Amino acid sequence: MYFGNSYKNFPVFYDLLYQRYLKSAHDFTAMVKENTPQGGLILDLAAGTGEVTIPLLKSCFGVISLDSSKGMLKELKLKAKKLGVKNYHTVTRDMRKINYKDKFDTVCIRQAINYFMGPKALESGLKKIIVSLKIGGKFVFNAPNYRGEKTYPEVSNYYESGKEKSFVLETNKILGKILRHKQYSIIWGGGLKPNFVSDENSFYMFTKKEFGHALKNCGFSKVKFSGPAKTLYCTATK
């Protein structure tokens, strides 16, 4: 049995258990490419197992992949090696503690900006991000399009990854503006003994207006939002 947080405690299962969140990686990566000069340098924050980093590297961009979890970055390296991608560069660090200046053409965060747990934390993080960008550089992120929801339905999914299989029950509860995400999973196949996995995370739910306000407060210009109803995609310029 596994309990805790997949990023820190059992990253080897992340891609199997979170396939529904990997679906946005293709569109997000395309958006990053569109906003970065060819061969430009990109900082991929909360890079995880490389679902954005690896396609960018294959397209000849320079990428620094930063994540607080050594285990997730280990999975990134393993995936890169299997695909013959060698020019990866990883940094184990919390995205709230970056310390770069005028270095990157683009900074991106896919589905992790809500780990800034409140308006002050968000603006603190955005100030570090804008400092790390070159003049004219772009910040690209996506996030849930929170519109005051008070309840969320339970969701169940069945996934396969090679010979490995999982059944996942997802629950979400909103307390104020803090979303408590829990999921309970059974994994088996591919040499895995049947096992139970309990995973829990917390996020702060920002509205589109709150994101826009924070970005402008921190000095970003040309803030543009797009995307389907449930998801915000944003680009902002230094």
# chains A, B, ... in the order shown; residues from 1 in each chain; ligands from 1
$ residues_around --residues "range 223-226 of chain A" --least-positions-apart "6" --cutoff "9 Å" --atoms "only C-alpha atoms" --output "PyMOL selection string"
chain A and resi 208+212+215-216+232-237
$ closest_atom_pairs --of "range 148-207 of chain A" --to "range 115-133 of chain A" --cutoff "9 Å" --atoms "only C-alpha atoms" --output "Markdown table"
| residue | atom | partner | partner_atom | distance |
| --- | --- | --- | --- | --- |
| A:Lys177 | CA | A:Gly118 | CA | 8.6 |
| A:Ile178 | CA | A:Met117 | CA | 8.1 |
| A:Ser202 | CA | A:Tyr115 | CA | 7.5 |
| A:Phe203 | CA | A:Tyr115 | CA | 5.4 |
| A:Tyr204 | CA | A:Met117 | CA | 5.0 |
| A:Met205 | CA | A:Gly118 | CA | 8.2 |
| A:Phe206 | CA | A:Gly118 | CA | 8.0 |
$ select_by_dssp --residues "range 34-220 of chain A" --states "strand (DSSP E)" --output "ChimeraX atom specification"
/A:41-45,62-67,90-92,104-110,133-144,155-161,164-175,178-189,192-204
$ atom_distance --atom1 "CA of Met1 in chain A" --atom2 "CA of Ser68 in chain A"
23.7 Å
$ closest_residue --among "A:Leu45, A:Ser65, A:Asn142, A:Val12" --to "Leu78 in chain A" --atoms "only C-alpha atoms"
A:Val12
$ residues_around --residues "Gly136 in chain A" --least-positions-apart "4" --cutoff "12 Å" --atoms "only C-alpha atoms" --output "list of chain:residue names"
A:Asn35, A:Thr36, A:Pro37, A:Asp102, A:Lys103, A:Phe104, A:Asp105, A:Thr106, A:Val107, A:Ile130, A:Val131, A:Ser132, A:Gly219, A:Phe220, A:Ser221, A:Lys222, A:Thr235, A:Ala236, A:Thr237, A:Lys238
$ residues_around --residues "range 48-61 of chain A" --least-positions-apart "6" --cutoff "9 Å" --atoms "only C-alpha atoms" --output "NGL selection string"
:A and (7 or 11 or 14-15 or 22 or 25-26 or 28-30 or 32-33 or 36-42 or 67-69 or 71-80 or 83 or 85-88 or 110)
$ atom_distance --atom1 "CA of Ala112 in chain A" --atom2 "CA of Asn145 in chain A"
13.1 Å
$ select_by_dssp --residues "range 22-238 of chain A" --states "helix (DSSP H, G or I)" --output "PyMOL selection string"
chain A and resi 22+25-34+53-58+70-82+95-97+113-115+119-132+208-217
$ atom_distance --atom1 "CA of Arg20 in chain A" --atom2 "CA of Ser156 in chain A"
10.8 Å
$ decode --residues "range 64-104 of chain A" --atoms "N, CA and C atoms" --output "PDB file, in the first residue's frame"
ATOM      1  N   ILE A  64      15.597  24.176 -19.292  1.00  0.00           N
ATOM      2  CA  ILE A  64      15.969  23.816 -17.926  1.00  0.00           C
ATOM      3  C   ILE A  64      14.698  23.342 -17.245  1.00  0.00           C
ATOM      4  N   SER A  65      14.723  22.114 -16.747  1.00  0.00           N
ATOM      5  CA  SER A  65      13.540  21.480 -16.150  1.00  0.00           C
ATOM      6  C   SER A  65      13.681  21.515 -14.637  1.00  0.00           C
ATOM      7  N   LEU A  66      12.806  22.269 -13.989  1.00  0.00           N
ATOM      8  CA  LEU A  66      12.893  22.449 -12.546  1.00  0.00           C
ATOM      9  C   LEU A  66      11.701  21.804 -11.859  1.00  0.00           C
ATOM     10  N   ASP A  67      11.968  21.054 -10.801  1.00  0.00           N
ATOM     11  CA  ASP A  67      10.908  20.434 -10.012  1.00  0.00           C
ATOM     12  C   ASP A  67      11.439  20.208  -8.602  1.00  0.00           C
ATOM     13  N   SER A  68      10.548  20.253  -7.625  1.00  0.00           N
ATOM     14  CA  SER A  68      10.964  20.036  -6.234  1.00  0.00           C
ATOM     15  C   SER A  68      11.179  18.566  -5.916  1.00  0.00           C
ATOM     16  N   SER A  69      10.723  17.676  -6.802  1.00  0.00           N
ATOM     17  CA  SER A  69      10.800  16.234  -6.561  1.00  0.00           C
ATOM     18  C   SER A  69      11.925  15.592  -7.373  1.00  0.00           C
ATOM     19  N   LYS A  70      12.921  15.055  -6.686  1.00  0.00           N
ATOM     20  CA  LYS A  70      13.993  14.327  -7.367  1.00  0.00           C
ATOM     21  C   LYS A  70      13.435  13.120  -8.103  1.00  0.00           C
ATOM     22  N   GLY A  71      12.431  12.485  -7.499  1.00  0.00           N
ATOM     23  CA  GLY A  71      11.846  11.295  -8.101  1.00  0.00           C
ATOM     24  C   GLY A  71      11.186  11.585  -9.435  1.00  0.00           C
ATOM     25  N   MET A  72      10.458  12.706  -9.517  1.00  0.00           N
ATOM     26  CA  MET A  72       9.816  13.074 -10.781  1.00  0.00           C
ATOM     27  C   MET A  72      10.869  13.373 -11.854  1.00  0.00           C
ATOM     28  N   LEU A  73      11.927  14.068 -11.471  1.00  0.00           N
ATOM     29  CA  LEU A  73      12.980  14.371 -12.432  1.00  0.00           C
ATOM     30  C   LEU A  73      13.742  13.116 -12.845  1.00  0.00           C
ATOM     31  N   LYS A  74      13.833  12.155 -11.953  1.00  0.00           N
ATOM     32  CA  LYS A  74      14.439  10.867 -12.319  1.00  0.00           C
ATOM     33  C   LYS A  74      13.620  10.192 -13.416  1.00  0.00           C
ATOM     34  N   GLU A  75      12.277  10.253 -13.283  1.00  0.00           N
ATOM     35  CA  GLU A  75      11.412   9.686 -14.319  1.00  0.00           C
ATOM     36  C   GLU A  75      11.583  10.440 -15.641  1.00  0.00           C
ATOM     37  N   LEU A  76      11.748  11.764 -15.553  1.00  0.00           N
ATOM     38  CA  LEU A  76      11.995  12.564 -16.759  1.00  0.00           C
ATOM     39  C   LEU A  76      13.250  12.074 -17.479  1.00  0.00           C
ATOM     40  N   LYS A  77      14.316  11.878 -16.718  1.00  0.00           N
ATOM     41  CA  LYS A  77      15.582  11.440 -17.319  1.00  0.00           C
ATOM     42  C   LYS A  77      15.447  10.066 -17.956  1.00  0.00           C
ATOM     43  N   LEU A  78      14.752   9.151 -17.278  1.00  0.00           N
ATOM     44  CA  LEU A  78      14.567   7.803 -17.817  1.00  0.00           C
ATOM     45  C   LEU A  78      13.791   7.843 -19.133  1.00  0.00           C
ATOM     46  N   LYS A  79      12.724   8.665 -19.167  1.00  0.00           N
ATOM     47  CA  LYS A  79      11.931   8.791 -20.393  1.00  0.00           C
ATOM     48  C   LYS A  79      12.762   9.405 -21.517  1.00  0.00           C
ATOM     49  N   ALA A  80      13.549  10.424 -21.181  1.00  0.00           N
ATOM     50  CA  ALA A  80      14.374  11.081 -22.192  1.00  0.00           C
ATOM     51  C   ALA A  80      15.381  10.098 -22.798  1.00  0.00           C
ATOM     52  N   LYS A  81      16.009   9.314 -21.947  1.00  0.00           N
ATOM     53  CA  LYS A  81      17.005   8.350 -22.433  1.00  0.00           C
ATOM     54  C   LYS A  81      16.370   7.306 -23.339  1.00  0.00           C
ATOM     55  N   LYS A  82      15.172   6.849 -22.974  1.00  0.00           N
ATOM     56  CA  LYS A  82      14.480   5.852 -23.805  1.00  0.00           C
ATOM     57  C   LYS A  82      14.162   6.401 -25.187  1.00  0.00           C
ATOM     58  N   LEU A  83      13.922   7.717 -25.249  1.00  0.00           N
ATOM     59  CA  LEU A  83      13.574   8.359 -26.523  1.00  0.00           C
ATOM     60  C   LEU A  83      14.795   8.901 -27.261  1.00  0.00           C
ATOM     61  N   GLY A  84      15.970   8.689 -26.680  1.00  0.00           N
ATOM     62  CA  GLY A  84      17.194   9.157 -27.322  1.00  0.00           C
ATOM     63  C   GLY A  84      17.440  10.642 -27.175  1.00  0.00           C
ATOM     64  N   VAL A  85      16.785  11.276 -26.206  1.00  0.00           N
ATOM     65  CA  VAL A  85      16.969  12.708 -25.949  1.00  0.00           C
ATOM     66  C   VAL A  85      18.053  12.861 -24.884  1.00  0.00           C
ATOM     67  N   LYS A  86      19.133  13.544 -25.234  1.00  0.00           N
ATOM     68  CA  LYS A  86      20.288  13.600 -24.334  1.00  0.00           C
ATOM     69  C   LYS A  86      20.540  14.976 -23.733  1.00  0.00           C
ATOM     70  N   ASN A  87      20.046  16.023 -24.329  1.00  0.00           N
ATOM     71  CA  ASN A  87      20.420  17.379 -23.933  1.00  0.00           C
ATOM     72  C   ASN A  87      19.506  17.960 -22.861  1.00  0.00           C
ATOM     73  N   TYR A  88      19.094  17.113 -21.895  1.00  0.00           N
ATOM     74  CA  TYR A  88      18.242  17.615 -20.806  1.00  0.00           C
ATOM     75  C   TYR A  88      19.110  18.192 -19.694  1.00  0.00           C
ATOM     76  N   HIS A  89      18.522  19.123 -18.945  1.00  0.00           N
ATOM     77  CA  HIS A  89      19.197  19.726 -17.790  1.00  0.00           C
ATOM     78  C   HIS A  89      18.150  19.899 -16.696  1.00  0.00           C
ATOM     79  N   THR A  90      18.319  19.221 -15.582  1.00  0.00           N
ATOM     80  CA  THR A  90      17.323  19.265 -14.511  1.00  0.00           C
ATOM     81  C   THR A  90      17.868  19.972 -13.277  1.00  0.00           C
ATOM     82  N   VAL A  91      16.963  20.622 -12.552  1.00  0.00           N
ATOM     83  CA  VAL A  91      17.295  21.304 -11.301  1.00  0.00           C
ATOM     84  C   VAL A  91      16.248  20.914 -10.269  1.00  0.00           C
ATOM     85  N   THR A  92      16.694  20.385  -9.136  1.00  0.00           N
ATOM     86  CA  THR A  92      15.771  20.038  -8.057  1.00  0.00           C
ATOM     87  C   THR A  92      15.597  21.254  -7.154  1.00  0.00           C
ATOM     88  N   ARG A  93      14.456  21.920  -7.292  1.00  0.00           N
ATOM     89  CA  ARG A  93      14.205  23.134  -6.512  1.00  0.00           C
ATOM     90  C   ARG A  93      12.720  23.442  -6.550  1.00  0.00           C
ATOM     91  N   ASP A  94      12.220  24.006  -5.478  1.00  0.00           N
ATOM     92  CA  ASP A  94      10.844  24.478  -5.433  1.00  0.00           C
ATOM     93  C   ASP A  94      10.703  25.681  -6.364  1.00  0.00           C
ATOM     94  N   MET A  95       9.634  25.722  -7.154  1.00  0.00           N
ATOM     95  CA  MET A  95       9.468  26.828  -8.102  1.00  0.00           C
ATOM     96  C   MET A  95       9.287  28.168  -7.400  1.00  0.00           C
ATOM     97  N   ARG A  96       8.969  28.136  -6.110  1.00  0.00           N
ATOM     98  CA  ARG A  96       8.834  29.379  -5.348  1.00  0.00           C
ATOM     99  C   ARG A  96      10.186  29.953  -4.967  1.00  0.00           C
ATOM    100  N   LYS A  97      11.264  29.229  -5.257  1.00  0.00           N
ATOM    101  CA  LYS A  97      12.601  29.647  -4.828  1.00  0.00           C
ATOM    102  C   LYS A  97      13.560  29.807  -6.001  1.00  0.00           C
ATOM    103  N   ILE A  98      13.038  30.112  -7.177  1.00  0.00           N
ATOM    104  CA  ILE A  98      13.929  30.308  -8.324  1.00  0.00           C
ATOM    105  C   ILE A  98      14.702  31.610  -8.155  1.00  0.00           C
ATOM    106  N   ASN A  99      15.893  31.645  -8.749  1.00  0.00           N
ATOM    107  CA  ASN A  99      16.761  32.812  -8.582  1.00  0.00           C
ATOM    108  C   ASN A  99      17.559  33.054  -9.868  1.00  0.00           C
ATOM    109  N   TYR A 100      16.837  33.383 -10.933  1.00  0.00           N
ATOM    110  CA  TYR A 100      17.467  33.683 -12.216  1.00  0.00           C
ATOM    111  C   TYR A 100      17.192  35.142 -12.572  1.00  0.00           C
ATOM    112  N   LYS A 101      18.009  35.699 -13.463  1.00  0.00           N
ATOM    113  CA  LYS A 101      17.805  37.092 -13.876  1.00  0.00           C
ATOM    114  C   LYS A 101      18.054  37.242 -15.377  1.00  0.00           C
ATOM    115  N   ASP A 102      17.047  37.749 -16.082  1.00  0.00           N
ATOM    116  CA  ASP A 102      17.160  38.075 -17.516  1.00  0.00           C
ATOM    117  C   ASP A 102      17.747  36.917 -18.319  1.00  0.00           C
ATOM    118  N   LYS A 103      17.318  35.700 -18.032  1.00  0.00           N
ATOM    119  CA  LYS A 103      17.956  34.513 -18.603  1.00  0.00           C
ATOM    120  C   LYS A 103      17.129  33.819 -19.685  1.00  0.00           C
ATOM    121  N   PHE A 104      15.806  33.793 -19.523  1.00  0.00           N
ATOM    122  CA  PHE A 104      14.974  32.912 -20.348  1.00  0.00           C
ATOM    123  C   PHE A 104      14.129  33.681 -21.368  1.00  0.00           C
TER     124      PHE A 104
END
